[in-house]
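The file coords05.cif comes next; it holds mmCIF, C-alpha atoms.
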data_final
loop_
_atom_site.label_atom_id
_atom_site.label_comp_id
_atom_site.auth_asym_id
_atom_site.auth_seq_id
_atom_site.Cartn_x
_atom_site.Cartn_y
_atom_site.Cartn_z
CA MET A 21 -6.65 -125.96 103.72
CA ASP A 22 -7.66 -129.52 104.51
CA LEU A 23 -7.19 -129.65 108.29
CA ASP A 24 -7.74 -133.42 108.23
CA ALA A 25 -4.29 -133.58 106.61
CA LEU A 26 -2.60 -132.15 109.72
CA GLY A 27 -0.08 -134.62 111.06
CA ARG A 28 -0.53 -136.98 108.11
CA GLY A 29 1.67 -140.01 108.64
CA GLN A 30 1.42 -139.59 112.42
CA LEU A 31 -1.02 -140.92 114.99
CA VAL A 32 -3.27 -137.90 115.50
CA ALA A 33 -5.91 -137.61 118.21
CA GLY A 34 -8.86 -135.27 117.91
CA VAL A 35 -9.97 -133.96 121.32
CA ASP A 36 -13.15 -132.14 122.36
CA GLU A 37 -15.32 -131.59 125.42
CA VAL A 38 -19.03 -131.13 126.07
CA GLY A 39 -21.05 -129.70 128.92
CA ARG A 40 -19.06 -126.57 129.69
CA GLY A 41 -22.15 -124.37 129.86
CA CYS A 42 -24.29 -126.76 131.89
CA TRP A 43 -25.46 -126.04 135.44
CA PHE A 44 -25.57 -129.75 136.33
CA GLY A 45 -23.22 -132.71 136.01
CA PRO A 46 -19.59 -133.25 135.02
CA VAL A 47 -17.78 -131.90 132.00
CA VAL A 48 -16.92 -134.74 129.62
CA ALA A 49 -14.17 -134.96 127.00
CA ALA A 50 -13.32 -137.54 124.37
CA ALA A 51 -10.20 -138.28 122.35
CA ALA A 52 -10.26 -140.21 119.08
CA ILE A 53 -7.45 -141.46 116.84
CA LEU A 54 -8.62 -142.19 113.29
CA SER A 55 -6.88 -143.72 110.29
CA GLY A 56 -7.02 -141.89 106.96
CA GLU A 57 -9.54 -144.46 105.72
CA ALA A 58 -11.74 -144.00 108.79
CA ILE A 59 -11.64 -140.21 108.37
CA ALA A 60 -12.91 -140.53 104.79
CA ASP A 61 -15.61 -143.03 105.76
CA LEU A 62 -16.82 -141.04 108.75
CA ARG A 63 -16.84 -137.79 106.81
CA GLU A 64 -18.98 -139.47 104.16
CA ALA A 65 -21.25 -140.89 106.88
CA GLY A 66 -21.96 -137.37 108.12
CA VAL A 67 -19.59 -136.84 111.04
CA THR A 68 -19.54 -133.14 111.93
CA ASP A 69 -19.94 -130.89 114.96
CA SER A 70 -22.21 -132.82 117.34
CA LYS A 71 -24.42 -129.74 117.87
CA ARG A 72 -25.49 -129.91 114.22
CA LEU A 73 -26.76 -133.49 114.52
CA SER A 74 -29.98 -135.01 115.82
CA VAL A 75 -30.00 -137.38 118.79
CA LYS A 76 -30.52 -140.33 116.44
CA GLN A 77 -27.69 -139.24 114.12
CA ARG A 78 -25.29 -138.78 117.03
CA SER A 79 -26.07 -142.20 118.46
CA ARG A 80 -25.52 -143.88 115.09
CA LEU A 81 -22.30 -142.00 114.39
CA ALA A 82 -20.92 -142.58 117.90
CA LEU A 83 -21.18 -146.32 117.23
CA SER A 84 -19.44 -145.87 113.88
CA VAL A 85 -16.62 -143.92 115.53
CA GLY A 86 -16.21 -146.59 118.19
CA GLU A 87 -16.03 -149.33 115.55
CA SER A 88 -13.61 -147.58 113.19
CA ALA A 89 -11.29 -145.61 115.51
CA ILE A 90 -7.76 -146.84 116.18
CA ALA A 91 -8.43 -145.72 119.76
CA CYS A 92 -11.14 -143.73 121.50
CA SER A 93 -11.56 -142.78 125.15
CA ILE A 94 -13.53 -140.63 127.59
CA GLY A 95 -12.26 -138.33 130.35
CA ILE A 96 -14.38 -136.48 132.88
CA ALA A 97 -13.99 -133.77 135.48
CA SER A 98 -16.47 -133.91 138.33
CA VAL A 99 -18.75 -131.19 139.63
CA ARG A 100 -16.44 -130.82 142.65
CA GLU A 101 -13.45 -130.34 140.36
CA ILE A 102 -15.37 -127.78 138.29
CA ASP A 103 -16.19 -125.82 141.45
CA ARG A 104 -12.64 -126.08 142.77
CA LEU A 105 -10.69 -125.35 139.58
CA ASN A 106 -13.18 -123.34 137.44
CA ILE A 107 -14.91 -124.66 134.34
CA LEU A 108 -12.09 -123.88 131.87
CA GLN A 109 -9.43 -125.70 133.88
CA ALA A 110 -11.81 -128.60 134.57
CA SER A 111 -12.54 -128.90 130.83
CA LEU A 112 -8.82 -129.03 130.05
CA LEU A 113 -8.36 -131.62 132.81
CA ALA A 114 -11.11 -133.79 131.29
CA MET A 115 -9.36 -133.51 127.91
CA LYS A 116 -6.03 -134.51 129.42
CA ARG A 117 -7.61 -137.53 131.09
CA ALA A 118 -9.22 -138.61 127.81
CA ILE A 119 -5.87 -138.35 126.00
CA LEU A 120 -4.00 -140.28 128.69
CA LYS A 121 -6.61 -143.06 128.67
CA LEU A 122 -6.11 -143.78 124.97
CA GLN A 123 -4.80 -147.31 124.49
CA VAL A 124 -2.48 -145.99 121.78
CA THR A 125 -0.36 -142.91 122.47
CA PRO A 126 -0.84 -140.24 119.80
CA GLN A 127 2.05 -138.25 118.36
CA LEU A 128 -0.10 -135.12 117.94
CA CYS A 129 -3.29 -133.93 119.63
CA LEU A 130 -5.65 -131.54 117.84
CA ILE A 131 -7.54 -129.67 120.56
CA ASP A 132 -10.85 -127.95 119.87
CA GLY A 133 -10.77 -124.28 120.88
CA ASN A 134 -7.90 -121.94 121.67
CA GLN A 135 -6.51 -123.37 124.91
CA LEU A 136 -3.66 -125.88 125.09
CA VAL A 137 -3.97 -128.75 127.58
CA PRO A 138 -1.58 -127.99 130.48
CA ASP A 139 1.24 -130.38 131.41
CA LEU A 140 0.77 -132.63 128.39
CA SER A 141 3.99 -134.19 127.10
CA ILE A 142 2.48 -134.87 123.66
CA GLU A 143 2.67 -132.27 120.88
CA GLN A 144 -0.62 -130.42 120.53
CA LYS A 145 -2.27 -127.82 118.32
CA THR A 146 -5.43 -125.82 119.06
CA ILE A 147 -8.04 -125.38 116.34
CA VAL A 148 -10.86 -122.87 116.82
CA LYS A 149 -14.19 -124.42 115.74
CA GLY A 150 -12.28 -127.64 115.25
CA ASP A 151 -15.42 -129.72 115.75
CA SER A 152 -16.69 -128.45 112.39
CA ARG A 153 -13.28 -128.41 110.65
CA VAL A 154 -11.47 -131.61 111.66
CA THR A 155 -13.11 -135.03 111.41
CA ALA A 156 -11.25 -136.51 114.39
CA ILE A 157 -12.33 -133.60 116.61
CA ALA A 158 -15.91 -133.90 115.34
CA ALA A 159 -15.81 -137.62 116.10
CA ALA A 160 -14.61 -136.88 119.63
CA SER A 161 -17.37 -134.29 120.09
CA ILE A 162 -20.00 -136.84 119.09
CA VAL A 163 -18.66 -139.56 121.39
CA ALA A 164 -18.41 -137.14 124.32
CA LYS A 165 -21.90 -135.76 123.73
CA VAL A 166 -23.55 -139.19 123.52
CA TRP A 167 -21.67 -140.43 126.60
CA ARG A 168 -22.58 -137.36 128.66
CA ASP A 169 -26.22 -137.29 127.54
CA THR A 170 -26.57 -140.97 128.50
CA LEU A 171 -25.17 -140.20 131.94
CA ILE A 172 -27.48 -137.22 132.48
CA VAL A 173 -30.55 -139.20 131.42
CA ARG A 174 -29.55 -141.83 133.99
CA LEU A 175 -29.16 -139.13 136.67
CA ALA A 176 -32.53 -137.67 135.65
CA LYS A 177 -34.20 -140.70 137.25
CA LYS A 178 -32.62 -139.73 140.57
CA TYR A 179 -33.41 -136.02 140.19
CA PRO A 180 -36.64 -135.89 138.15
CA GLU A 181 -37.58 -132.37 139.29
CA TYR A 182 -35.05 -130.60 137.05
CA ASP A 183 -36.27 -131.86 133.63
CA LEU A 184 -32.76 -133.16 132.96
CA GLU A 185 -33.92 -135.69 130.40
CA ASN A 186 -34.84 -132.78 128.14
CA ASN A 187 -32.32 -130.08 129.09
CA LYS A 188 -29.27 -132.35 129.74
CA GLY A 189 -28.22 -129.99 132.53
CA TYR A 190 -28.36 -126.76 130.55
CA GLY A 191 -30.10 -123.66 131.87
CA THR A 192 -33.65 -123.82 130.56
CA LYS A 193 -36.61 -122.02 132.09
CA LYS A 194 -37.90 -125.28 133.63
CA HIS A 195 -34.50 -125.94 135.14
CA ARG A 196 -34.35 -122.45 136.64
CA LEU A 197 -37.85 -122.78 138.12
CA ALA A 198 -36.94 -126.16 139.61
CA LEU A 199 -33.88 -124.62 141.27
CA GLN A 200 -36.11 -121.95 142.80
CA LYS A 201 -38.53 -124.57 144.09
CA TYR A 202 -36.25 -127.43 145.16
CA GLY A 203 -32.79 -125.91 145.58
CA ILE A 204 -29.62 -127.45 144.13
CA SER A 205 -28.74 -131.13 144.07
CA PRO A 206 -25.27 -132.58 144.85
CA GLN A 207 -24.67 -132.67 141.07
CA HIS A 208 -25.25 -128.96 140.51
CA ARG A 209 -22.26 -126.68 139.96
CA ARG A 210 -22.17 -124.43 143.01
CA SER A 211 -19.69 -122.05 141.38
CA PHE A 212 -22.18 -121.21 138.62
CA ARG A 213 -24.21 -118.10 139.37
CA PRO A 214 -27.70 -119.61 138.80
CA CYS A 215 -26.83 -122.32 141.34
CA GLN A 216 -25.38 -119.82 143.84
CA LEU A 217 -28.77 -118.13 144.10
CA HIS A 218 -30.40 -121.22 145.61
CA GLY A 219 -29.75 -123.40 148.65
CA ASP A 220 -29.38 -127.16 148.90
CA ARG A 221 -32.29 -129.53 148.42
CA LEU A 222 -34.18 -130.42 151.57
CA SER A 223 -33.86 -134.13 150.75
#

As a first step, turn the structure in this file into C-alpha coordinates.
Amino acid sequence: MDLDALGRGQLVAGVDEVGRGCWFGPVVAAAAILSGEAIADLREAGVTDSKRLSVKQRSRLALSVGESAIACSIGIASVREIDRLNILQASLLAMKRAILKLQVTPQLCLIDGNQLVPDLSIEQKTIVKGDSRVTAIAAASIVAKVWRDTLIVRLAKKYPEYDLENNKGYGTKKHRLALQKYGISPQHRRSFRPCQLHGDRLS
(Lines of atoms letter the chains of each structure in order from A and count residues from 1; the text may use other names and numbers.)
(Lines give C-alpha, C1' and ligand atoms only; values in the text may rest on other atoms or scores of the structure.)
Protein backbone atom coordinates (compact mmCIF):
# COMPACT_ATOMS: atom_id res chain seq x y z
CA MET A 1 0.00 0.00 0.00
CA ASP A 2 1.27 3.45 -0.94
CA LEU A 3 0.90 5.34 2.35
CA ASP A 4 1.72 8.61 0.55
CA ALA A 5 -1.76 8.24 -0.99
CA LEU A 6 -3.46 8.54 2.41
CA GLY A 7 -5.77 11.54 2.43
CA ARG A 8 -5.24 12.22 -1.27
CA GLY A 9 -7.20 15.30 -2.23
CA GLN A 10 -6.89 16.66 1.32
CA LEU A 11 -4.30 18.85 3.01
CA VAL A 12 -2.26 16.25 4.87
CA ALA A 13 0.43 17.06 7.44
CA GLY A 14 3.20 14.63 8.29
CA VAL A 15 4.30 14.97 11.92
CA ASP A 16 7.37 13.61 13.72
CA GLU A 17 9.57 14.39 16.71
CA VAL A 18 13.26 14.01 17.54
CA GLY A 19 15.24 13.92 20.75
CA ARG A 20 13.07 11.66 22.86
CA GLY A 21 15.99 9.56 24.06
CA CYS A 22 18.35 12.45 24.78
CA TRP A 23 19.55 13.38 28.26
CA PHE A 24 19.94 17.06 27.34
CA GLY A 25 17.80 19.69 25.66
CA PRO A 26 14.19 19.98 24.50
CA VAL A 27 12.22 17.53 22.43
CA VAL A 28 11.49 19.00 18.99
CA ALA A 29 8.70 18.18 16.54
CA ALA A 30 7.97 19.30 13.00
CA ALA A 31 4.85 19.25 10.84
CA ALA A 32 4.97 19.44 7.05
CA ILE A 33 2.19 19.72 4.46
CA LEU A 34 3.33 18.63 0.98
CA SER A 35 1.62 18.72 -2.40
CA GLY A 36 1.56 15.56 -4.51
CA GLU A 37 4.21 17.06 -6.77
CA ALA A 38 6.45 17.92 -3.81
CA ILE A 39 6.08 14.38 -2.43
CA ALA A 40 7.27 12.92 -5.74
CA ASP A 41 10.17 15.38 -6.01
CA LEU A 42 11.31 14.92 -2.42
CA ARG A 43 11.06 11.15 -2.63
CA GLU A 44 13.24 11.25 -5.74
CA ALA A 45 15.67 13.60 -3.97
CA GLY A 46 16.17 11.01 -1.23
CA VAL A 47 13.84 12.06 1.58
CA THR A 48 13.55 9.21 4.08
CA ASP A 49 13.87 8.59 7.82
CA SER A 50 16.33 11.24 9.05
CA LYS A 51 18.33 8.59 10.97
CA ARG A 52 19.32 6.98 7.66
CA LEU A 53 20.84 10.19 6.29
CA SER A 54 24.19 11.90 6.77
CA VAL A 55 24.46 15.37 8.30
CA LYS A 56 25.12 16.85 4.86
CA GLN A 57 22.16 15.02 3.28
CA ARG A 58 19.81 16.13 6.05
CA SER A 59 20.86 19.76 5.74
CA ARG A 60 20.34 19.73 1.97
CA LEU A 61 16.98 17.97 2.19
CA ALA A 62 15.73 20.21 5.02
CA LEU A 63 16.23 23.19 2.69
CA SER A 64 14.39 21.37 -0.09
CA VAL A 65 11.48 20.61 2.25
CA GLY A 66 11.32 24.23 3.37
CA GLU A 67 11.27 25.45 -0.24
CA SER A 68 8.68 22.98 -1.55
CA ALA A 69 6.28 22.49 1.40
CA ILE A 70 2.86 24.14 1.39
CA ALA A 71 3.54 24.76 5.09
CA CYS A 72 6.15 23.60 7.57
CA SER A 73 6.59 24.42 11.25
CA ILE A 74 8.47 23.51 14.43
CA GLY A 75 7.11 22.85 17.93
CA ILE A 76 9.16 22.23 21.05
CA ALA A 77 8.64 21.06 24.61
CA SER A 78 11.20 22.33 27.09
CA VAL A 79 13.32 20.36 29.52
CA ARG A 80 11.07 21.59 32.35
CA GLU A 81 7.99 20.33 30.51
CA ILE A 82 9.68 16.97 29.89
CA ASP A 83 10.44 16.64 33.60
CA ARG A 84 6.96 17.74 34.61
CA LEU A 85 4.88 15.76 32.10
CA ASN A 86 7.16 12.81 31.16
CA ILE A 87 8.91 12.42 27.82
CA LEU A 88 5.98 10.79 25.96
CA GLN A 89 3.50 13.53 26.88
CA ALA A 90 6.09 16.23 26.18
CA SER A 91 6.75 14.72 22.73
CA LEU A 92 3.03 14.74 21.94
CA LEU A 93 2.82 18.34 23.18
CA ALA A 94 5.67 19.36 20.85
CA MET A 95 3.82 17.67 17.97
CA LYS A 96 0.61 19.49 18.81
CA ARG A 97 2.44 22.82 18.91
CA ALA A 98 4.04 22.14 15.52
CA ILE A 99 0.63 21.32 14.01
CA LEU A 100 -1.04 24.40 15.48
CA LYS A 101 1.76 26.66 14.19
CA LEU A 102 1.22 25.63 10.57
CA GLN A 103 0.15 28.62 8.50
CA VAL A 104 -2.32 26.36 6.68
CA THR A 105 -4.64 24.12 8.70
CA PRO A 106 -4.41 20.48 7.58
CA GLN A 107 -7.46 18.27 7.20
CA LEU A 108 -5.55 15.16 8.29
CA CYS A 109 -2.40 14.65 10.38
CA LEU A 110 -0.26 11.55 9.92
CA ILE A 111 1.56 11.01 13.22
CA ASP A 112 4.73 8.94 13.44
CA GLY A 113 4.42 6.16 16.03
CA ASN A 114 1.41 4.66 17.78
CA GLN A 115 0.20 7.53 19.98
CA LEU A 116 -2.45 10.04 18.95
CA VAL A 117 -1.89 13.70 19.83
CA PRO A 118 -4.25 14.55 22.73
CA ASP A 119 -6.88 17.29 22.41
CA LEU A 120 -6.33 17.85 18.70
CA SER A 121 -9.46 18.87 16.81
CA ILE A 122 -7.99 17.76 13.46
CA GLU A 123 -8.43 14.20 12.19
CA GLN A 124 -5.29 12.16 12.77
CA LYS A 125 -3.88 8.72 12.04
CA THR A 126 -0.85 7.06 13.65
CA ILE A 127 1.66 5.23 11.47
CA VAL A 128 4.30 3.03 13.09
CA LYS A 129 7.71 3.66 11.45
CA GLY A 130 6.02 6.42 9.50
CA ASP A 131 9.30 8.25 9.01
CA SER A 132 10.40 5.48 6.63
CA ARG A 133 6.95 4.89 5.08
CA VAL A 134 5.39 8.32 4.47
CA THR A 135 7.26 11.10 2.68
CA ALA A 136 5.58 13.93 4.62
CA ILE A 137 6.51 12.31 7.95
CA ALA A 138 10.07 11.72 6.72
CA ALA A 139 10.25 15.37 5.66
CA ALA A 140 9.08 16.43 9.12
CA SER A 141 11.67 14.16 10.76
CA ILE A 142 14.45 15.76 8.72
CA VAL A 143 13.36 19.32 9.48
CA ALA A 144 13.01 18.56 13.20
CA LYS A 145 16.39 16.81 13.35
CA VAL A 146 18.26 19.62 11.59
CA TRP A 147 16.55 22.28 13.73
CA ARG A 148 17.29 20.46 16.98
CA ASP A 149 20.89 19.61 16.07
CA THR A 150 21.52 23.28 15.21
CA LEU A 151 20.15 24.30 18.60
CA ILE A 152 22.27 21.74 20.48
CA VAL A 153 25.44 22.78 18.66
CA ARG A 154 24.69 26.36 19.71
CA LEU A 155 24.18 25.25 23.33
CA ALA A 156 27.42 23.24 23.14
CA LYS A 157 29.33 26.53 23.17
CA LYS A 158 27.77 27.33 26.55
CA TYR A 159 28.29 23.82 27.93
CA PRO A 160 31.45 22.52 26.22
CA GLU A 161 32.17 19.87 28.87
CA TYR A 162 29.47 17.46 27.67
CA ASP A 163 30.69 16.90 24.08
CA LEU A 164 27.26 17.99 22.84
CA GLU A 165 28.53 18.96 19.42
CA ASN A 166 29.19 15.27 18.77
CA ASN A 167 26.51 13.51 20.83
CA LYS A 168 23.65 16.04 20.33
CA GLY A 169 22.51 15.33 23.89
CA TYR A 170 22.37 11.55 23.62
CA GLY A 171 23.93 9.29 26.25
CA THR A 172 27.44 8.56 25.06
CA LYS A 173 30.31 7.47 27.27
CA LYS A 174 31.86 10.96 27.14
CA HIS A 175 28.55 12.50 28.13
CA ARG A 176 28.20 10.12 31.08
CA LEU A 177 31.74 10.83 32.28
CA ALA A 178 31.11 14.58 32.02
CA LEU A 179 27.99 14.21 34.18
CA GLN A 180 30.07 12.40 36.79
CA LYS A 181 32.70 15.13 36.75
CA TYR A 182 30.65 18.32 36.34
CA GLY A 183 27.10 17.43 37.38
CA ILE A 184 24.01 18.34 35.36
CA SER A 185 23.39 21.63 33.58
CA PRO A 186 20.05 23.53 33.57
CA GLN A 187 19.36 21.90 30.18
CA HIS A 188 19.67 18.32 31.41
CA ARG A 189 16.52 16.27 31.95
CA ARG A 190 16.34 15.70 35.69
CA SER A 191 13.67 13.03 35.32
CA PHE A 192 16.03 10.82 33.29
CA ARG A 193 17.86 8.27 35.42
CA PRO A 194 21.43 9.09 34.25
CA CYS A 195 20.81 12.72 35.23
CA GLN A 196 19.25 11.78 38.59
CA LEU A 197 22.52 10.16 39.64
CA HIS A 198 24.40 13.47 39.56
CA GLY A 199 23.97 16.85 41.24
CA ASP A 200 23.87 20.31 39.72
CA ARG A 201 26.92 21.98 38.22
CA LEU A 202 28.95 24.08 40.62
CA SER A 203 28.86 27.01 38.17

> Which residues match the PyMOL selection byres ((chain A and resi 80) around 12) in the file above, as a VMD selection string?
Replying inline: chain A and resid 62 65 to 67 70 73 to 79 81 to 87 159 162 to 163 166

> Excluding same-chain residues fewer than 4 positions from segment 114-123 of chain A, what lies within 12 Å of it counting only C-alpha atoms, as an MDAnalysis selection string?
Replying inline: chainID A and resid 31:40 46:53 89:99 101:102 105 107:110 127:133 135:144 157 160:161 163:164

>> Could you tell me how far atom CA of Ser55 of chain A sits from atom CA of Asp169 of chain A, in Å to one decimal place?
In response: 26.7 Å

Output, as lines of an AutoDock Vina configuration file, the centre and edge lengths in Å (one decimal) of the axis-aligned box that contains all listed atoms of segment 177-189 of chain A with 8 Å of margin on each side.
center_x = -32.9
center_y = -135.3
center_z = 134.4
size_x = 25.4
size_y = 26.7
size_z = 28.4

>> Here is a test: counting all atoms listed in the file, which residue of A:Arg63, A:Trp167, A:Phe44, A:Lys193 is nearest to Arg210 of chain A?
In response: A:Phe44

> Quick one: which residues end up in the PyMOL selection byres ((chain A and resi 24) around 12) for this structure, as a PyMOL selection string?
Replying inline: chain A and resi 21-23+25-30+32-34+53-60+62-63+130+147+150-158

File of the preceding selection, C-alpha atoms, as an mmCIF file, in the coordinates of the input:
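Written file, out.cif:
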data_model
loop_
_atom_site.group_PDB
_atom_site.id
_atom_site.type_symbol
_atom_site.label_atom_id
_atom_site.label_comp_id
_atom_site.auth_asym_id
_atom_site.auth_seq_id
_atom_site.Cartn_x
_atom_site.Cartn_y
_atom_site.Cartn_z
ATOM 1 C CA MET A 21 -6.650 -125.960 103.720
ATOM 2 C CA ASP A 22 -7.660 -129.520 104.510
ATOM 3 C CA LEU A 23 -7.190 -129.650 108.290
ATOM 4 C CA ALA A 25 -4.290 -133.580 106.610
ATOM 5 C CA LEU A 26 -2.600 -132.150 109.720
ATOM 6 C CA GLY A 27 -0.080 -134.620 111.060
ATOM 7 C CA ARG A 28 -0.530 -136.980 108.110
ATOM 8 C CA GLY A 29 1.670 -140.010 108.640
ATOM 9 C CA GLN A 30 1.420 -139.590 112.420
ATOM 10 C CA VAL A 32 -3.270 -137.900 115.500
ATOM 11 C CA ALA A 33 -5.910 -137.610 118.210
ATOM 12 C CA GLY A 34 -8.860 -135.270 117.910
ATOM 13 C CA ILE A 53 -7.450 -141.460 116.840
ATOM 14 C CA LEU A 54 -8.620 -142.190 113.290
ATOM 15 C CA SER A 55 -6.880 -143.720 110.290
ATOM 16 C CA GLY A 56 -7.020 -141.890 106.960
ATOM 17 C CA GLU A 57 -9.540 -144.460 105.720
ATOM 18 C CA ALA A 58 -11.740 -144.000 108.790
ATOM 19 C CA ILE A 59 -11.640 -140.210 108.370
ATOM 20 C CA ALA A 60 -12.910 -140.530 104.790
ATOM 21 C CA LEU A 62 -16.820 -141.040 108.750
ATOM 22 C CA ARG A 63 -16.840 -137.790 106.810
ATOM 23 C CA LEU A 130 -5.650 -131.540 117.840
ATOM 24 C CA ILE A 147 -8.040 -125.380 116.340
ATOM 25 C CA GLY A 150 -12.280 -127.640 115.250
ATOM 26 C CA ASP A 151 -15.420 -129.720 115.750
ATOM 27 C CA SER A 152 -16.690 -128.450 112.390
ATOM 28 C CA ARG A 153 -13.280 -128.410 110.650
ATOM 29 C CA VAL A 154 -11.470 -131.610 111.660
ATOM 30 C CA THR A 155 -13.110 -135.030 111.410
ATOM 31 C CA ALA A 156 -11.250 -136.510 114.390
ATOM 32 C CA ILE A 157 -12.330 -133.600 116.610
ATOM 33 C CA ALA A 158 -15.910 -133.900 115.340
#

For segment 136-158 of chain A, write N, CA, C and O atoms out as an mmCIF file, in the first residue's frame.
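Okay, this is what ended up in part_16.cif:
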data_model
loop_
_atom_site.group_PDB
_atom_site.id
_atom_site.type_symbol
_atom_site.label_atom_id
_atom_site.label_comp_id
_atom_site.auth_asym_id
_atom_site.auth_seq_id
_atom_site.Cartn_x
_atom_site.Cartn_y
_atom_site.Cartn_z
ATOM 1 N N LEU A 136 -1.757 8.864 19.485
ATOM 2 C CA LEU A 136 -2.453 10.038 18.954
ATOM 3 C C LEU A 136 -2.090 11.273 19.777
ATOM 4 O O LEU A 136 -1.798 11.176 20.968
ATOM 5 N N VAL A 137 -2.133 12.434 19.138
ATOM 6 C CA VAL A 137 -1.888 13.704 19.829
ATOM 7 C C VAL A 137 -3.152 14.075 20.609
ATOM 8 O O VAL A 137 -4.230 14.212 20.015
ATOM 9 N N PRO A 138 -3.060 14.249 21.927
ATOM 10 C CA PRO A 138 -4.254 14.549 22.727
ATOM 11 C C PRO A 138 -4.848 15.920 22.395
ATOM 12 O O PRO A 138 -4.126 16.859 22.031
ATOM 13 N N ASP A 139 -6.163 16.018 22.514
ATOM 14 C CA ASP A 139 -6.877 17.293 22.414
ATOM 15 C C ASP A 139 -6.596 18.022 21.101
ATOM 16 O O ASP A 139 -6.432 19.245 21.075
ATOM 17 N N LEU A 140 -6.521 17.261 20.027
ATOM 18 C CA LEU A 140 -6.325 17.853 18.699
ATOM 19 C C LEU A 140 -7.641 17.743 17.944
ATOM 20 O O LEU A 140 -8.193 16.654 17.805
ATOM 21 N N SER A 141 -8.144 18.863 17.456
ATOM 22 C CA SER A 141 -9.460 18.866 16.807
ATOM 23 C C SER A 141 -9.390 18.425 15.350
ATOM 24 O O SER A 141 -10.412 18.292 14.681
ATOM 25 N N ILE A 142 -8.190 18.189 14.845
ATOM 26 C CA ILE A 142 -7.991 17.764 13.455
ATOM 27 C C ILE A 142 -7.939 16.240 13.396
ATOM 28 O O ILE A 142 -7.379 15.606 14.302
ATOM 29 N N GLU A 143 -8.508 15.652 12.352
ATOM 30 C CA GLU A 143 -8.434 14.198 12.193
ATOM 31 C C GLU A 143 -6.973 13.757 12.136
ATOM 32 O O GLU A 143 -6.125 14.441 11.525
ATOM 33 N N GLN A 144 -6.674 12.645 12.775
ATOM 34 C CA GLN A 144 -5.293 12.158 12.772
ATOM 35 C C GLN A 144 -5.252 10.639 12.683
ATOM 36 O O GLN A 144 -6.175 9.945 13.105
ATOM 37 N N LYS A 145 -4.137 10.151 12.108
ATOM 38 C CA LYS A 145 -3.875 8.719 12.041
ATOM 39 C C LYS A 145 -2.439 8.488 12.487
ATOM 40 O O LYS A 145 -1.548 9.273 12.143
ATOM 41 N N THR A 146 -2.211 7.425 13.261
ATOM 42 C CA THR A 146 -0.849 7.065 13.646
ATOM 43 C C THR A 146 -0.296 6.056 12.648
ATOM 44 O O THR A 146 -1.035 5.197 12.151
ATOM 45 N N ILE A 147 1.003 6.169 12.375
ATOM 46 C CA ILE A 147 1.663 5.231 11.469
ATOM 47 C C ILE A 147 2.990 4.819 12.095
ATOM 48 O O ILE A 147 3.913 5.642 12.233
ATOM 49 N N VAL A 148 3.069 3.551 12.495
ATOM 50 C CA VAL A 148 4.304 3.029 13.086
ATOM 51 C C VAL A 148 5.399 3.019 12.015
ATOM 52 O O VAL A 148 5.160 2.621 10.869
ATOM 53 N N LYS A 149 6.570 3.507 12.380
ATOM 54 C CA LYS A 149 7.707 3.657 11.448
ATOM 55 C C LYS A 149 7.329 4.543 10.268
ATOM 56 O O LYS A 149 7.795 4.347 9.147
ATOM 57 N N GLY A 150 6.482 5.518 10.559
ATOM 58 C CA GLY A 150 6.017 6.416 9.498
ATOM 59 C C GLY A 150 7.124 7.204 8.841
ATOM 60 O O GLY A 150 7.013 7.574 7.669
ATOM 61 N N ASP A 151 8.218 7.459 9.593
ATOM 62 C CA ASP A 151 9.304 8.253 9.010
ATOM 63 C C ASP A 151 10.029 7.515 7.890
ATOM 64 O O ASP A 151 10.755 8.127 7.110
ATOM 65 N N SER A 152 9.818 6.205 7.766
ATOM 66 C CA SER A 152 10.399 5.480 6.632
ATOM 67 C C SER A 152 9.326 5.010 5.645
ATOM 68 O O SER A 152 9.640 4.356 4.652
ATOM 69 N N ARG A 153 8.058 5.375 5.909
ATOM 70 C CA ARG A 153 6.953 4.889 5.076
ATOM 71 C C ARG A 153 6.120 5.990 4.435
ATOM 72 O O ARG A 153 5.396 5.739 3.469
ATOM 73 N N VAL A 154 6.202 7.198 4.969
ATOM 74 C CA VAL A 154 5.392 8.319 4.470
ATOM 75 C C VAL A 154 6.324 9.513 4.236
ATOM 76 O O VAL A 154 7.017 9.952 5.157
ATOM 77 N N THR A 155 6.323 10.038 3.029
ATOM 78 C CA THR A 155 7.263 11.104 2.679
ATOM 79 C C THR A 155 7.072 12.348 3.538
ATOM 80 O O THR A 155 8.045 12.975 3.961
ATOM 81 N N ALA A 156 5.824 12.722 3.817
ATOM 82 C CA ALA A 156 5.581 13.933 4.617
ATOM 83 C C ALA A 156 6.100 13.769 6.045
ATOM 84 O O ALA A 156 6.616 14.723 6.641
ATOM 85 N N ILE A 157 5.971 12.560 6.607
ATOM 86 C CA ILE A 157 6.511 12.308 7.946
ATOM 87 C C ILE A 157 8.038 12.320 7.902
ATOM 88 O O ILE A 157 8.696 12.895 8.779
ATOM 89 N N ALA A 158 8.616 11.705 6.875
ATOM 90 C CA ALA A 158 10.072 11.722 6.719
ATOM 91 C C ALA A 158 10.584 13.154 6.588
ATOM 92 O O ALA A 158 11.603 13.521 7.190
#
